[in-house]
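Heads up: the structure comes next, in structure tokens.
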Amino acid sequence: MSSTLTDQDRPEMQKAIEEMVESGFTGVTMRVHDERGEWVGSAGVRERGESAKPPANGHVRIGSNTKTFTATVVLQLVAEGTVGLDAPVADSLPGLGLDPKITVRMLLQHTSGVFNFTGEYYDDGTFTPGIPATTAGQEWVDNRFKTYRPEELVRLALSKPARFEPGTDWSYSNTNYVLARLLIEKVTGRSLAEEMQRLILGPLGLSDTVLPDTSPEIPEPHTHAYYRYEDAGRQKTVDVTRQNPSWISTGGDMISTTQDLHTFISGLMGGKLLPAPLLAEMCKPHPKVGYGLGVFVQDAGENGGTVITHNGGAAGHGALMYSTPDGSKTLTAALNYVDDAALSLAEAFQKATQRLVKEVFGGDQAESADAAKPAR
């Protein structure tokens with residue numbers, strides 16, 4: 001059984017997360033499992049204006065780490081023969097008017113070309129908004145308890161021009177994963193939450209992982225999340241810990257803990273959830289950005305080897321999840337911060353994750369910007 005180490009045993013780890021707090025994060029909790037055992041540390045505060053530290057295994061909205069869970073369910077259904085990885089999605093979801101060339105694999109790998117319903121950034125620097133997401137300032141704050149249905153988000157996305165012909169390029173789109181949710185529910189006749197429980201949460205004993213759907217609640221204990229916006233020329237900061245996560249849906253709505261994220265990614269990479277051929281498909285990177293099927297596949301630099309990862313951010317909450325390809329070494333973290341429309345913490349987020357990966361996995365981390373920034 002692994003022993004839990006204290007910050008005195010890993011002063012370099014504790015220093016790294018304390019520097020994250022100095023760079024602007026309100027609270028950070030990190031968990032590392034490696035050949036030295038388990039290390040857990042926290043820095044910052046649980047709530048602004050208070051002195052209590054973030055709970056060691058607090059709940060956090062994990063943002064785009066939701067995509068790794070969802071992709072795993074899809075691949076498990078592939079293993080069961082319920083759906084084909086290269087089958088046209090339109091065959092299972094005929095009512096949406098999807099391009100018949102879009103396959104299940106393209107959803108999971110972000111190669112479908114479908115518009116991102118939270119807004120689309122183009123190479124020339126322009127931005128086309130979708131729903132009022134966290135890039136929308138006060139409009140997002142005012143709408144943060146609104147319920148969006150998955151079909152509504154998909155239909156909005158499909159009303160916009162596609163970015164490219166299916167399968168010809170790569171572009172990160174939350175819409176792909178809402179389509180994956182609809183696909184799972186259509187082919188199984190059950191909710192995503194039921195299938196997630198049957199295939200992942202139950203078998204791995206992930207009792208602290210939640211699919212909230214439209215509920216604004218987050219289980220105790222947890223660190224608070226914040227959002228800053230401009231109102232009549234003045235800066236306002238509000239507590240957005242409670243929010244209806246249906247605005248991001250399966251693009252990033254799940255809640256978990258650093259312990260459950262460790263159990264999940266180490267179990268997934270260790271072969272507990274997928275047959276070896278499908279796990280290999282999952283970890284086969286797209287040449288443009290190193291994205292597999294619901295995971296980024298990254299080179300951790302000299303002596304660092306490969307890391308399998310997904311990070312996520314959702315309105316003042318964030319989570320990191322890294323593993324070696326065999327699941328033997330992991331880094332998971334819960335982050336809380338003051339979010340804003342300008343993504344002010346994106347650079348600090350990227351630098352911090354690079355530093356943590358270097359500390360844990362060794363080598364120089366050559367990370368893609370898409371993996372490092374909080375995904376919307």
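Order determines the names: the first chain of the structure tokens is A, the second B, and so forth; residues in each chain are numbered 1 upward, and ligands are numbered 1 upward as they are shown.
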
Closest pair table for region 201-238 of chain A residues within 12 Å of region 45-60 of chain A, only C-alpha atoms, as a tab-separated table:
```
residue	atom	partner	partner_atom	distance
A:Ser207	CA	A:His59	CA	11.3
A:Asp208	CA	A:His59	CA	7.5
A:Thr209	CA	A:His59	CA	8.3
A:Val210	CA	A:His59	CA	9.4
A:Leu211	CA	A:Val60	CA	11.9
A:Pro212	CA	A:Val60	CA	11.9
A:Glu217	CA	A:His59	CA	10.9
A:Ile218	CA	A:His59	CA	7.1
A:Pro219	CA	A:His59	CA	6.4
A:Glu220	CA	A:His59	CA	6.8
A:Pro221	CA	A:Gly58	CA	5.1
A:His222	CA	A:Gly58	CA	4.6
A:Thr223	CA	A:Arg46	CA	4.5
A:His224	CA	A:Glu47	CA	5.4
A:Ala225	CA	A:Glu47	CA	8.2
A:Tyr226	CA	A:Arg48	CA	9.1
A:Thr237	CA	A:Arg48	CA	10.8
A:Val238	CA	A:Arg48	CA	10.7
```

**Prompt:** Do you have the CA of Asp339 (chain A)-CA of Ala43 (chain A) distance handy?
**Reply:**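 Taking CA of Asp339 (chain A) and CA of Ala43 (chain A), their separation equals 18.2 Å.
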
**Message:** Please determine, counting only C-alpha atoms, which residue among A:Leu108, A:Val297, A:Val21, A:Ala71 has the shortest atom-to-atom distance to Asp86 (chain A).
**Reply:** A:Leu108

**Message:** as a ChimeraX atom specification, please: the residues near region 197-205 of chain A (cut-off 9 Å, only C-alpha atoms, same-chain neighbours under 6 positions excluded).
**Reply:** /A:69,72-73,76,260,263-264,267,272-273

**Asked** Just asking: which residues within region 85-249 of chain A are helix (DSSP H, G or I) according to DSSP, as a PyMOL selection string?
**Response** chain A and resi 89-92+94-96+104-109+134-136+138-142+150-158+174-188+192-204+245-247+249

**Complete:** Of A:Arg355, A:Lys186, A:Arg234, A:Lys329, the one sitting nearest Gly37 (chain A) when using only C-alpha atoms is A:Lys329

**Asked** Quick one: of A:Asp99, A:Asp253, A:Glu195, A:Glu347, who's nearest to Pro216 (chain A), counting only C-alpha atoms?
**Response**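 The closest residue to Pro216 (chain A) is A:Asp253.
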
**Selection: 10 Å around Leu156 (chain A), only C-alpha atoms, excl. self and same-chain fewer than 2 positions, as a PyMOL selection string** = chain A and resi 115-118+130-131+151-154+158-160+175
